[in-house]
$ cat input27.pdb   # PDB, C-alpha atoms
ATOM      1  CA  MET N   1     231.976 197.962 114.496
ATOM      2  CA  ASN N   2     232.461 200.522 111.731
ATOM      3  CA  ALA N   3     236.172 199.712 111.495
ATOM      4  CA  LYS N   4     235.334 196.035 111.193
ATOM      5  CA  MET N   5     232.783 196.732 108.455
ATOM      6  CA  LYS N   6     235.351 198.825 106.555
ATOM      7  CA  LYS N   7     237.828 195.947 106.688
ATOM      8  CA  ILE N   8     235.207 193.549 105.369
ATOM      9  CA  ASN N   9     234.213 195.902 102.544
ATOM     10  CA  ILE N  10     237.819 196.545 101.524
ATOM     11  CA  ARG N  11     238.506 192.811 101.447
ATOM     12  CA  LYS N  12     235.310 192.159  99.499
ATOM     13  CA  TYR N  13     236.115 194.722  96.822
ATOM     14  CA  SER N  14     239.906 194.410  96.874
ATOM     15  CA  ASN N  15     240.070 192.814  93.395
ATOM     16  CA  ILE N  16     237.999 195.615  91.875
ATOM     17  CA  LEU N  17     240.271 198.183  93.535
ATOM     18  CA  ILE N  18     243.332 196.335  92.196
ATOM     19  CA  LEU N  19     241.833 196.318  88.680
ATOM     20  CA  ILE N  20     241.045 200.049  88.843
ATOM     21  CA  GLY N  21     244.562 200.754  90.104
ATOM     22  CA  MET N  22     246.065 198.696  87.274
ATOM     23  CA  VAL N  23     244.003 200.553  84.669
ATOM     24  CA  ILE N  24     245.168 203.913  86.046
ATOM     25  CA  VAL N  25     248.834 202.871  86.109
ATOM     26  CA  CYS N  26     248.657 201.307  82.636
ATOM     27  CA  SER N  27     247.054 204.442  81.186
ATOM     28  CA  LEU N  28     249.970 206.480  82.536
ATOM     29  CA  VAL N  29     252.557 204.031  81.186
ATOM     30  CA  GLU N  30     251.056 203.632  77.706
ATOM     31  CA  LYS N  31     248.714 206.186  76.078
ATOM     32  CA  ALA N  32     247.299 203.624  73.633
ATOM     33  CA  PHE N  33     245.971 201.600  76.571
ATOM     34  CA  LEU N  34     242.924 203.853  77.058
ATOM     35  CA  SER N  35     241.650 203.586  73.477
ATOM     36  CA  PRO N  36     238.206 201.925  73.060
ATOM     37  CA  ASN N  37     239.662 199.504  70.513
ATOM     38  CA  ASN N  38     242.231 198.356  73.055
ATOM     39  CA  PHE N  39     239.563 197.714  75.706
ATOM     40  CA  ILE N  40     237.504 195.703  73.215
ATOM     41  CA  ASN N  41     240.677 193.815  72.302
ATOM     42  CA  ILE N  42     241.279 192.969  75.985
ATOM     43  CA  LEU N  43     237.730 191.615  76.319
ATOM     44  CA  ARG N  44     238.149 189.575  73.147
ATOM     45  CA  GLN N  45     241.494 188.213  74.368
ATOM     46  CA  ILE N  46     240.119 187.066  77.742
ATOM     47  CA  SER N  47     236.904 185.521  76.372
ATOM     48  CA  VAL N  48     238.235 181.982  75.837
ATOM     49  CA  VAL N  49     240.087 181.835  79.167
ATOM     50  CA  THR N  50     237.126 183.304  81.071
ATOM     51  CA  ILE N  51     234.744 180.682  79.687
ATOM     52  CA  MET N  52     237.158 177.958  80.798
ATOM     53  CA  ALA N  53     237.651 179.738  84.121
ATOM     54  CA  MET N  54     233.908 179.542  84.810
ATOM     55  CA  GLY N  55     234.196 175.762  84.710
ATOM     56  CA  GLN N  56     237.285 175.856  86.921
ATOM     57  CA  THR N  57     235.458 178.136  89.366
ATOM     58  CA  VAL N  58     232.660 175.628  89.853
ATOM     59  CA  LEU N  59     235.131 172.772  90.318
ATOM     60  CA  ILE N  60     237.545 174.598  92.618
ATOM     61  CA  ILE N  61     234.701 175.844  94.818
ATOM     62  CA  GLY N  62     233.753 172.166  95.130
ATOM     63  CA  GLY N  63     237.320 171.223  96.081
ATOM     64  CA  LYS N  64     238.089 169.687  92.663
ATOM     65  CA  LEU N  65     240.214 170.632  89.645
ATOM     66  CA  ASP N  66     240.534 170.070  85.894
ATOM     67  CA  LEU N  67     243.983 170.151  84.296
ATOM     68  CA  SER N  68     242.692 168.701  81.016
ATOM     69  CA  MET N  69     240.734 171.803  80.014
ATOM     70  CA  GLY N  70     243.334 173.309  77.674
ATOM     71  CA  CYS N  71     244.181 170.185  75.679
ATOM     72  CA  GLY N  72     240.625 168.849  75.948
ATOM     73  CA  GLY N  73     239.258 172.131  74.620
ATOM     74  CA  ALA N  74     241.798 172.122  71.775
ATOM     75  CA  MET N  75     240.830 168.560  70.857
ATOM     76  CA  ALA N  76     237.114 169.395  70.957
ATOM     77  CA  GLY N  77     237.621 172.598  68.959
ATOM     78  CA  THR N  78     239.743 170.877  66.304
ATOM     79  CA  PHE N  79     237.198 168.084  65.888
ATOM     80  CA  ALA N  80     234.498 170.773  65.645
ATOM     81  CA  CYS N  81     236.405 172.219  62.674
ATOM     82  CA  ILE N  82     236.737 168.754  61.130
ATOM     83  CA  ALA N  83     232.987 168.167  61.558
ATOM     84  CA  TYR N  84     232.180 171.535  59.994
ATOM     85  CA  VAL N  85     234.452 170.924  56.996
ATOM     86  CA  ALA N  86     232.868 167.486  56.499
ATOM     87  CA  THR N  87     229.222 168.594  56.806
ATOM     88  CA  GLY N  88     229.188 172.336  56.112
ATOM     89  CA  SER N  89     226.900 172.723  59.123
ATOM     90  CA  MET N  90     227.764 175.288  61.804
ATOM     91  CA  THR N  91     225.376 173.567  64.235
ATOM     92  CA  VAL N  92     227.028 170.176  63.765
ATOM     93  CA  GLY N  93     230.457 171.716  64.302
ATOM     94  CA  ILE N  94     229.494 173.526  67.502
ATOM     95  CA  LEU N  95     227.616 170.538  68.940
ATOM     96  CA  THR N  96     230.578 168.279  68.132
ATOM     97  CA  GLY N  97     232.904 170.529  70.136
ATOM     98  CA  ILE N  98     230.586 170.892  73.122
ATOM     99  CA  GLY N  99     229.647 167.199  73.001
ATOM    100  CA  LEU N 100     233.276 166.067  73.098
ATOM    101  CA  GLY N 101     233.867 168.455  75.988
ATOM    102  CA  CYS N 102     230.947 166.880  77.863
ATOM    103  CA  LEU N 103     232.344 163.411  77.155
ATOM    104  CA  ILE N 104     235.713 164.389  78.643
ATOM    105  CA  GLY N 105     233.883 165.800  81.669
ATOM    106  CA  ILE N 106     231.879 162.591  82.090
ATOM    107  CA  ILE N 107     235.036 160.467  82.036
ATOM    108  CA  ASN N 108     236.832 162.770  84.490
ATOM    109  CA  GLY N 109     233.809 162.877  86.789
ATOM    110  CA  PHE N 110     233.307 159.106  86.635
ATOM    111  CA  LEU N 111     236.902 158.355  87.577
ATOM    112  CA  VAL N 112     236.964 160.938  90.366
ATOM    113  CA  THR N 113     233.628 159.932  91.918
ATOM    114  CA  THR N 114     233.645 156.150  91.341
ATOM    115  CA  PHE N 115     237.235 155.352  92.257
ATOM    116  CA  ASP N 116     237.805 158.338  94.547
ATOM    117  CA  ALA N 117     240.834 159.101  92.367
ATOM    118  CA  PRO N 118     242.664 162.409  92.940
ATOM    119  CA  PRO N 119     241.371 165.015  90.429
ATOM    120  CA  PHE N 120     244.923 166.231  89.859
ATOM    121  CA  ILE N 121     246.071 162.794  88.631
ATOM    122  CA  VAL N 122     242.914 161.973  86.664
ATOM    123  CA  THR N 123     242.765 165.253  84.760
ATOM    124  CA  LEU N 124     246.529 165.353  84.208
ATOM    125  CA  ALA N 125     246.238 161.930  82.559
ATOM    126  CA  MET N 126     243.234 163.136  80.534
ATOM    127  CA  GLN N 127     245.322 166.105  79.391
ATOM    128  CA  SER N 128     247.848 163.685  77.919
ATOM    129  CA  ILE N 129     245.150 161.442  76.398
ATOM    130  CA  THR N 130     243.280 164.260  74.652
ATOM    131  CA  MET N 131     246.445 165.823  73.314
ATOM    132  CA  GLY N 132     247.671 162.471  72.022
ATOM    133  CA  ALA N 133     244.293 161.617  70.484
ATOM    134  CA  ILE N 134     243.979 164.771  68.378
ATOM    135  CA  PHE N 135     247.626 164.683  67.281
ATOM    136  CA  LEU N 136     247.207 161.036  66.328
ATOM    137  CA  TYR N 137     244.054 161.752  64.309
ATOM    138  CA  THR N 138     245.470 164.797  62.488
ATOM    139  CA  ASN N 139     249.103 163.644  62.312
ATOM    140  CA  GLY N 140     249.891 166.940  63.995
ATOM    141  CA  ASN N 141     248.524 168.919  61.050
ATOM    142  CA  ASN N 142     246.243 171.935  61.358
ATOM    143  CA  VAL N 143     242.745 171.936  59.875
ATOM    144  CA  TYR N 144     242.357 174.830  57.423
ATOM    145  CA  GLN N 145     239.620 176.159  55.117
ATOM    146  CA  ILE N 146     236.980 176.341  57.848
ATOM    147  CA  GLY N 147     234.977 178.982  55.963
ATOM    148  CA  ASN N 148     232.113 180.607  57.868
ATOM    149  CA  PHE N 149     233.065 178.756  61.037
ATOM    150  CA  LYS N 150     235.311 181.778  61.698
ATOM    151  CA  VAL N 151     232.227 183.900  62.446
ATOM    152  CA  ILE N 152     231.883 182.407  65.942
ATOM    153  CA  GLY N 153     235.206 183.774  67.105
ATOM    154  CA  GLN N 154     235.675 186.724  64.760
ATOM    155  CA  GLY N 155     232.173 188.122  64.274
ATOM    156  CA  ASN N 156     230.532 191.087  65.981
ATOM    157  CA  ILE N 157     227.030 191.914  67.162
ATOM    158  CA  GLY N 158     227.036 195.678  66.784
ATOM    159  CA  ILE N 159     230.426 196.778  68.087
ATOM    160  CA  ILE N 160     230.675 193.926  70.607
ATOM    161  CA  PRO N 161     232.661 190.832  69.509
ATOM    162  CA  THR N 162     230.641 187.610  69.509
ATOM    163  CA  PRO N 163     233.083 185.816  71.886
ATOM    164  CA  VAL N 164     232.591 188.607  74.454
ATOM    165  CA  ILE N 165     228.803 188.195  74.320
ATOM    166  CA  ILE N 166     229.175 184.421  74.759
ATOM    167  CA  MET N 167     231.591 185.008  77.658
ATOM    168  CA  LEU N 168     229.112 187.308  79.417
ATOM    169  CA  ALA N 169     226.250 184.848  78.850
ATOM    170  CA  ILE N 170     228.290 181.985  80.356
ATOM    171  CA  SER N 171     229.281 184.214  83.289
ATOM    172  CA  VAL N 172     225.621 185.003  84.006
ATOM    173  CA  LEU N 173     224.707 181.313  83.707
ATOM    174  CA  THR N 174     227.486 180.325  86.116
ATOM    175  CA  TRP N 175     226.439 183.036  88.574
ATOM    176  CA  PHE N 176     222.860 181.743  88.386
ATOM    177  CA  LEU N 177     223.911 178.120  88.973
ATOM    178  CA  LEU N 178     226.106 179.040  91.941
ATOM    179  CA  SER N 179     223.797 181.597  93.553
ATOM    180  CA  LYS N 180     220.239 180.590  92.738
ATOM    181  CA  CYS N 181     220.243 176.789  92.339
ATOM    182  CA  LYS N 182     220.551 173.801  94.662
ATOM    183  CA  PHE N 183     223.498 172.704  92.567
ATOM    184  CA  GLY N 184     225.420 175.796  93.662
ATOM    185  CA  ARG N 185     224.583 175.312  97.343
ATOM    186  CA  TYR N 186     225.696 171.701  97.118
ATOM    187  CA  ILE N 187     228.976 172.656  95.426
ATOM    188  CA  PHE N 188     229.781 175.171  98.178
ATOM    189  CA  ALA N 189     228.863 172.590 100.830
ATOM    190  CA  ILE N 190     231.100 169.922  99.269
ATOM    191  CA  GLY N 191     234.019 172.318  98.978
ATOM    192  CA  GLY N 192     233.544 173.604 102.516
ATOM    193  CA  ASN N 193     233.270 170.201 104.197
ATOM    194  CA  GLU N 194     232.558 167.141 102.079
ATOM    195  CA  LYS N 195     231.800 164.827 105.021
ATOM    196  CA  ALA N 196     229.369 167.323 106.541
ATOM    197  CA  ALA N 197     227.705 167.798 103.135
ATOM    198  CA  GLN N 198     227.266 164.053 102.759
ATOM    199  CA  ALA N 199     225.866 163.789 106.279
ATOM    200  CA  SER N 200     223.306 166.492 105.452
ATOM    201  CA  GLY N 201     222.036 164.513 102.470
ATOM    202  CA  VAL N 202     223.961 166.030  99.544
ATOM    203  CA  ASN N 203     224.485 163.546  96.707
ATOM    204  CA  ILE N 204     228.249 164.015  96.375
ATOM    205  CA  LYS N 205     228.765 161.814  93.308
ATOM    206  CA  LYS N 206     225.925 163.333  91.303
ATOM    207  CA  THR N 207     226.918 166.912  92.122
ATOM    208  CA  VAL N 208     230.608 166.401  91.330
ATOM    209  CA  MET N 209     229.715 164.578  88.108
ATOM    210  CA  LEU N 210     227.487 167.476  87.015
ATOM    211  CA  ALA N 211     230.282 169.920  87.854
ATOM    212  CA  TYR N 212     232.724 168.025  85.632
ATOM    213  CA  ILE N 213     230.199 167.792  82.799
ATOM    214  CA  TYR N 214     229.558 171.549  83.012
ATOM    215  CA  SER N 215     233.288 172.231  83.094
ATOM    216  CA  GLY N 216     233.863 169.925  80.118
ATOM    217  CA  ALA N 217     231.077 171.562  78.103
ATOM    218  CA  LEU N 218     232.601 174.996  78.697
ATOM    219  CA  ALA N 219     236.050 173.712  77.716
ATOM    220  CA  GLY N 220     234.546 172.376  74.470
ATOM    221  CA  LEU N 221     232.764 175.670  73.790
ATOM    222  CA  ALA N 222     235.949 177.625  74.530
ATOM    223  CA  GLY N 223     237.832 175.340  72.135
ATOM    224  CA  VAL N 224     235.308 176.035  69.385
ATOM    225  CA  ILE N 225     235.674 179.801  69.873
ATOM    226  CA  LEU N 226     239.479 179.538  70.009
ATOM    227  CA  MET N 227     239.742 177.641  66.709
ATOM    228  CA  SER N 228     237.276 180.014  65.094
ATOM    229  CA  ARG N 229     239.414 182.965  66.189
ATOM    230  CA  LEU N 230     242.554 181.287  64.839
ATOM    231  CA  SER N 231     240.828 180.540  61.496
ATOM    232  CA  ALA N 232     241.975 176.910  61.759
ATOM    233  CA  GLY N 233     241.826 173.825  63.933
ATOM    234  CA  MET N 234     245.188 173.886  65.737
ATOM    235  CA  PRO N 235     245.687 170.905  68.090
ATOM    236  CA  SER N 236     248.587 172.552  69.947
ATOM    237  CA  SER N 237     246.819 175.858  70.640
ATOM    238  CA  GLY N 238     245.191 174.792  73.909
ATOM    239  CA  MET N 239     248.385 174.073  75.830
ATOM    240  CA  GLY N 240     248.598 176.200  78.962
ATOM    241  CA  LEU N 241     245.041 177.550  78.801
ATOM    242  CA  GLU N 242     244.077 175.525  81.875
ATOM    243  CA  THR N 243     246.820 177.353  83.807
ATOM    244  CA  ASP N 244     245.468 180.729  82.674
ATOM    245  CA  ALA N 245     241.951 179.653  83.684
ATOM    246  CA  ILE N 246     243.128 178.540  87.135
ATOM    247  CA  THR N 247     245.090 181.791  87.528
ATOM    248  CA  ALA N 248     242.018 183.901  86.694
ATOM    249  CA  THR N 249     239.921 181.837  89.114
ATOM    250  CA  ILE N 250     242.343 182.115  92.044
ATOM    251  CA  VAL N 251     243.172 185.784  91.424
ATOM    252  CA  GLY N 252     239.401 186.379  91.317
ATOM    253  CA  GLY N 253     239.069 185.254  94.928
ATOM    254  CA  THR N 254     238.088 181.588  94.632
ATOM    255  CA  SER N 255     239.767 179.656  97.423
ATOM    256  CA  PHE N 256     242.043 176.884  96.173
ATOM    257  CA  THR N 257     240.989 174.810  99.198
ATOM    258  CA  GLY N 258     237.319 175.027  98.199
ATOM    259  CA  GLY N 259     234.096 176.443  99.582
ATOM    260  CA  ILE N 260     234.651 180.088  98.580
ATOM    261  CA  GLY N 261     234.287 181.873  95.243
ATOM    262  CA  THR N 262     232.016 183.756  92.841
ATOM    263  CA  ALA N 263     231.510 183.874  89.091
ATOM    264  CA  TRP N 264     231.897 187.665  88.985
ATOM    265  CA  GLY N 265     235.073 187.442  91.032
ATOM    266  CA  THR N 266     236.469 185.197  88.312
ATOM    267  CA  VAL N 267     235.483 187.759  85.656
ATOM    268  CA  ILE N 268     237.440 190.393  87.600
ATOM    269  CA  GLY N 269     240.359 187.948  87.889
ATOM    270  CA  SER N 270     240.295 187.424  84.120
ATOM    271  CA  LEU N 271     240.252 191.176  83.554
ATOM    272  CA  ILE N 272     243.254 191.609  85.861
ATOM    273  CA  ILE N 273     245.169 188.968  83.896
ATOM    274  CA  GLY N 274     243.963 190.458  80.598
ATOM    275  CA  VAL N 275     245.071 193.976  81.530
ATOM    276  CA  LEU N 276     248.418 192.632  82.734
ATOM    277  CA  ASN N 277     248.977 190.694  79.492
ATOM    278  CA  ASN N 278     247.893 193.671  77.410
ATOM    279  CA  ILE N 279     250.210 196.191  79.020
ATOM    280  CA  MET N 280     253.122 193.741  78.887
ATOM    281  CA  ASN N 281     252.519 193.273  75.167
ATOM    282  CA  LEU N 282     252.150 197.000  74.556
ATOM    283  CA  THR N 283     255.411 197.743  76.376
ATOM    284  CA  GLY N 284     257.300 194.879  74.719
ATOM    285  CA  VAL N 285     257.883 192.591  77.711
ATOM    286  CA  GLN N 286     259.425 189.282  76.576
ATOM    287  CA  ALA N 287     257.080 186.289  76.367
ATOM    288  CA  TYR N 288     259.258 184.186  78.699
ATOM    289  CA  LEU N 289     259.243 186.941  81.319
ATOM    290  CA  GLN N 290     255.465 187.122  81.020
ATOM    291  CA  GLN N 291     255.267 183.434  81.941
ATOM    292  CA  ILE N 292     257.409 184.061  85.027
ATOM    293  CA  ILE N 293     255.178 186.951  86.096
ATOM    294  CA  LYS N 294     252.046 184.799  85.698
ATOM    295  CA  GLY N 295     253.621 182.038  87.786
ATOM    296  CA  VAL N 296     254.533 184.486  90.541
ATOM    297  CA  LEU N 297     250.965 185.819  90.439
ATOM    298  CA  ILE N 298     249.532 182.321  91.012
ATOM    299  CA  ILE N 299     251.854 181.701  93.970
ATOM    300  CA  ALA N 300     251.012 185.101  95.467
ATOM    301  CA  ALA N 301     247.256 184.528  95.107
ATOM    302  CA  VAL N 302     247.409 181.046  96.697
ATOM    303  CA  CYS N 303     249.623 182.264  99.556
ATOM    304  CA  LEU N 304     247.243 185.182 100.190
ATOM    305  CA  ASP N 305     244.296 182.776 100.226
ATOM    306  CA  ILE N 306     246.018 180.499 102.750
ATOM    307  CA  TYR N 307     247.097 183.459 104.915
ATOM    308  CA  THR N 308     243.559 184.904 104.915
ATOM    309  CA  LYS N 309     242.031 181.580 105.950
ATOM    310  CA  GLU N 310     244.619 181.052 108.690
ATOM    311  CA  HIS N 311     244.055 184.605 109.957
ATOM    312  CA  LYS N 312     240.284 184.091 110.078
ATOM    313  CA  ARG N 313     240.774 180.801 111.923
ATOM    314  CA  ALA N 314     243.113 182.428 114.421
ATOM    315  CA  VAL N 315     240.647 185.288 115.062
ATOM    316  CA  ARG N 316     237.791 182.808 115.472
ATOM    317  CA  ASP N 317     239.803 180.644 117.892
ATOM    318  CA  SER N 318     240.905 183.648 119.963
ATOM    319  CA  GLY N 319     237.277 184.760 120.189
ATOM    320  CA  ASN N 320     236.340 181.397 121.632
TER     321      ASN N 320
END

$ encode --input "input27.pdb" --output "structure tokens"
Amino acid sequence: MNAKMKKINIRKYSNILILIGMVIVCSLVEKAFLSPNNFINILRQISVVTIMAMGQTVLIIGGKLDLSMGCGGAMAGTFACIAYVATGSMTVGILTGIGLGCLIGIINGFLVTTFDAPPFIVTLAMQSITMGAIFLYTNGNNVYQIGNFKVIGQGNIGIIPTPVIIMLAISVLTWFLLSKCKFGRYIFAIGGNEKAAQASGVNIKKTVMLAYIYSGALAGLAGVILMSRLSAGMPSSGMGLETDAITATIVGGTSFTGGIGTAWGTVIGSLIIGVLNNIMNLTGVQAYLQQIIKGVLIIAAVCLDIYTKEHKRAVRDSGN
């Protein structure tokens, strides 16, 4: 019994152990890694991806996916800059970004739930639509002179960067939704077995729609923070962010087949990716090689998830 409990505990905390191990190794490889400024920089760097990853976590737990997050967030963030420049109102700019993100989520959710369309296809098409829409509107030009809008992504509260505080707040909110609300229980049920969830009275369409709206809102918010950090509305800056968000989610222990995952696991996954990116930058690893390493990491995480599920199934079947 004790041996079994040890195995469970090691598996439960494996990502934290991996993160601690990475920090130790990185500190030995590069002395600058352990500086407080570098740790704050890592947190700042992962803030945008982690916010998007919270939306992906909710969707992937429910057996869904959103590939439009990166481009959708960039579109929402760029339009937020345009709205701010036009009105001079920070509130209008932020609400524009989050509102457009919600709109994208509503469209994605409607198509997935109403026509039973594959989320992969729907959100891949939305990725193309959002990217085309913002490039068409701006003629591919960046939006500069955004003034105080930069405070959202570049400001501090004490010594803590504002994006980090927003990231932590969204992480707590996501944890609350998944752990303490009916919405969370329904999402886990849908991801675990959609037919069984429907038979038990879960409103599948409503729950999935809410998940896409939440995901879209977070993509819009992340886009606002990203553009603020870049000091300009840059339509092309969101490309690939959805991949980073999915990577953080899967590395954090969320099962790609649905039904398993936690918000705090995703935070740990983001930190693992952030530490990896940071040490590769500090040691001068080429950008193209970094992309290869990230791709390998995704494949490894998915394969481990599949192997773990198959192993559990085999143990359960042998017990019967």

$ residues_near_point --input "input27.pdb" --point "(252.8, 189.1, 85.8)" --cutoff "10 Å" --atoms "all atoms listed in the file" --output "list in words"
Ile272, Ile273, Leu276, Asn277, Met280, Leu289, Gln290, Gln291, Ile292, Ile293, Lys294, Gly295, Val296, Leu297 and Ile298 of chain N

$ resolve_selection --input "input27.pdb" --expression "the PyMOL selection byres ((chain N and resi 66-79) around 6)" --output "PyMOL selection string"
chain N and resi 65+80-82+97+100+123-124+126-127+130-131+134+219-220+223-224+227+233+235+238-239+241-242

$ resolve_selection --input "input27.pdb" --expression "the PyMOL selection byres ((chain N and resi 63) around 12)" --output "ChimeraX atom specification"
/N:56-62,64-66,112,118-120,186-194,204,207-208,211-212,254-261

$ closest_residue --input "input27.pdb" --among "N:Ser14, N:Gln45, N:Thr162, N:Asn37" --to "Asp244 of chain N" --atoms "all atoms listed in the file"
N:Gln45

$ resolve_selection --input "input27.pdb" --expression "the PyMOL selection byres ((chain N and resi 145-155) around 12)" --output "ChimeraX atom specification"
/N:41,44-45,47-48,77-94,142-144,156-167,221-234

$ closest_residue --input "input27.pdb" --among "N:Ile306, N:Thr114, N:Trp264, N:Gly101" --to "Ala169 of chain N" --atoms "only C-alpha atoms"
N:Trp264

$ axis_aligned_box --input "input27.pdb" --around "segment 161-173 of chain N" --padding-each-side "4 Å" --output "AutoDock Vina command-line options"
--center_x 228.9 --center_y 186.1 --center_z 76.8 --size_x 16.4 --size_y 17.5 --size_z 22.5

$ build_atoms --input "input27.pdb" --residues "segment 204-224 of chain N" --atoms "N, CA and C atoms" --output "mmCIF file, in the frame of the given file"
data_model
loop_
_atom_site.group_PDB
_atom_site.id
_atom_site.type_symbol
_atom_site.label_atom_id
_atom_site.label_comp_id
_atom_site.auth_asym_id
_atom_site.auth_seq_id
_atom_site.Cartn_x
_atom_site.Cartn_y
_atom_site.Cartn_z
ATOM 1 N N ILE N 204 226.908 163.560 96.759
ATOM 2 C CA ILE N 204 228.249 164.015 96.375
ATOM 3 C C ILE N 204 228.584 163.598 94.944
ATOM 4 N N LYS N 205 228.378 162.326 94.620
ATOM 5 C CA LYS N 205 228.765 161.814 93.308
ATOM 6 C C LYS N 205 228.022 162.522 92.174
ATOM 7 N N LYS N 206 226.727 162.697 92.337
ATOM 8 C CA LYS N 206 225.925 163.333 91.303
ATOM 9 C C LYS N 206 226.346 164.788 91.104
ATOM 10 N N THR N 207 226.561 165.495 92.201
ATOM 11 C CA THR N 207 226.918 166.912 92.122
ATOM 12 C C THR N 207 228.286 167.101 91.480
ATOM 13 N N VAL N 208 229.261 166.303 91.898
ATOM 14 C CA VAL N 208 230.608 166.401 91.330
ATOM 15 C C VAL N 208 230.599 166.013 89.855
ATOM 16 N N MET N 209 229.827 164.993 89.511
ATOM 17 C CA MET N 209 229.715 164.578 88.108
ATOM 18 C C MET N 209 229.143 165.712 87.261
ATOM 19 N N LEU N 210 228.085 166.356 87.750
ATOM 20 C CA LEU N 210 227.487 167.476 87.015
ATOM 21 C C LEU N 210 228.478 168.634 86.866
ATOM 22 N N ALA N 211 229.279 168.852 87.909
ATOM 23 C CA ALA N 211 230.282 169.920 87.854
ATOM 24 C C ALA N 211 231.316 169.633 86.772
ATOM 25 N N TYR N 212 231.745 168.383 86.663
ATOM 26 C CA TYR N 212 232.724 168.025 85.632
ATOM 27 C C TYR N 212 232.119 168.081 84.231
ATOM 28 N N ILE N 213 230.857 167.705 84.107
ATOM 29 C CA ILE N 213 230.199 167.792 82.799
ATOM 30 C C ILE N 213 230.079 169.253 82.375
ATOM 31 N N TYR N 214 229.677 170.110 83.303
ATOM 32 C CA TYR N 214 229.558 171.549 83.012
ATOM 33 C C TYR N 214 230.914 172.128 82.623
ATOM 34 N N SER N 215 231.932 171.766 83.376
ATOM 35 C CA SER N 215 233.288 172.231 83.094
ATOM 36 C C SER N 215 233.750 171.742 81.722
ATOM 37 N N GLY N 216 233.483 170.486 81.416
ATOM 38 C CA GLY N 216 233.863 169.925 80.118
ATOM 39 C C GLY N 216 233.145 170.601 78.959
ATOM 40 N N ALA N 217 231.851 170.883 79.146
ATOM 41 C CA ALA N 217 231.077 171.562 78.103
ATOM 42 C C ALA N 217 231.644 172.948 77.823
ATOM 43 N N LEU N 218 232.025 173.657 78.882
ATOM 44 C CA LEU N 218 232.601 174.996 78.697
ATOM 45 C C LEU N 218 233.973 174.923 78.041
ATOM 46 N N ALA N 219 234.750 173.888 78.376
ATOM 47 C CA ALA N 219 236.050 173.712 77.716
ATOM 48 C C ALA N 219 235.855 173.463 76.219
ATOM 49 N N GLY N 220 234.846 172.639 75.873
ATOM 50 C CA GLY N 220 234.546 172.376 74.470
ATOM 51 C C GLY N 220 234.106 173.631 73.742
ATOM 52 N N LEU N 221 233.226 174.411 74.385
ATOM 53 C CA LEU N 221 232.764 175.670 73.790
ATOM 54 C C LEU N 221 233.928 176.644 73.604
ATOM 55 N N ALA N 222 234.779 176.744 74.626
ATOM 56 C CA ALA N 222 235.949 177.625 74.530
ATOM 57 C C ALA N 222 236.865 177.181 73.398
ATOM 58 N N GLY N 223 237.009 175.868 73.221
ATOM 59 C CA GLY N 223 237.832 175.340 72.135
ATOM 60 C C GLY N 223 237.276 175.707 70.773
ATOM 61 N N VAL N 224 235.960 175.648 70.642
ATOM 62 C CA VAL N 224 235.308 176.035 69.385
ATOM 63 C C VAL N 224 235.593 177.502 69.071
#
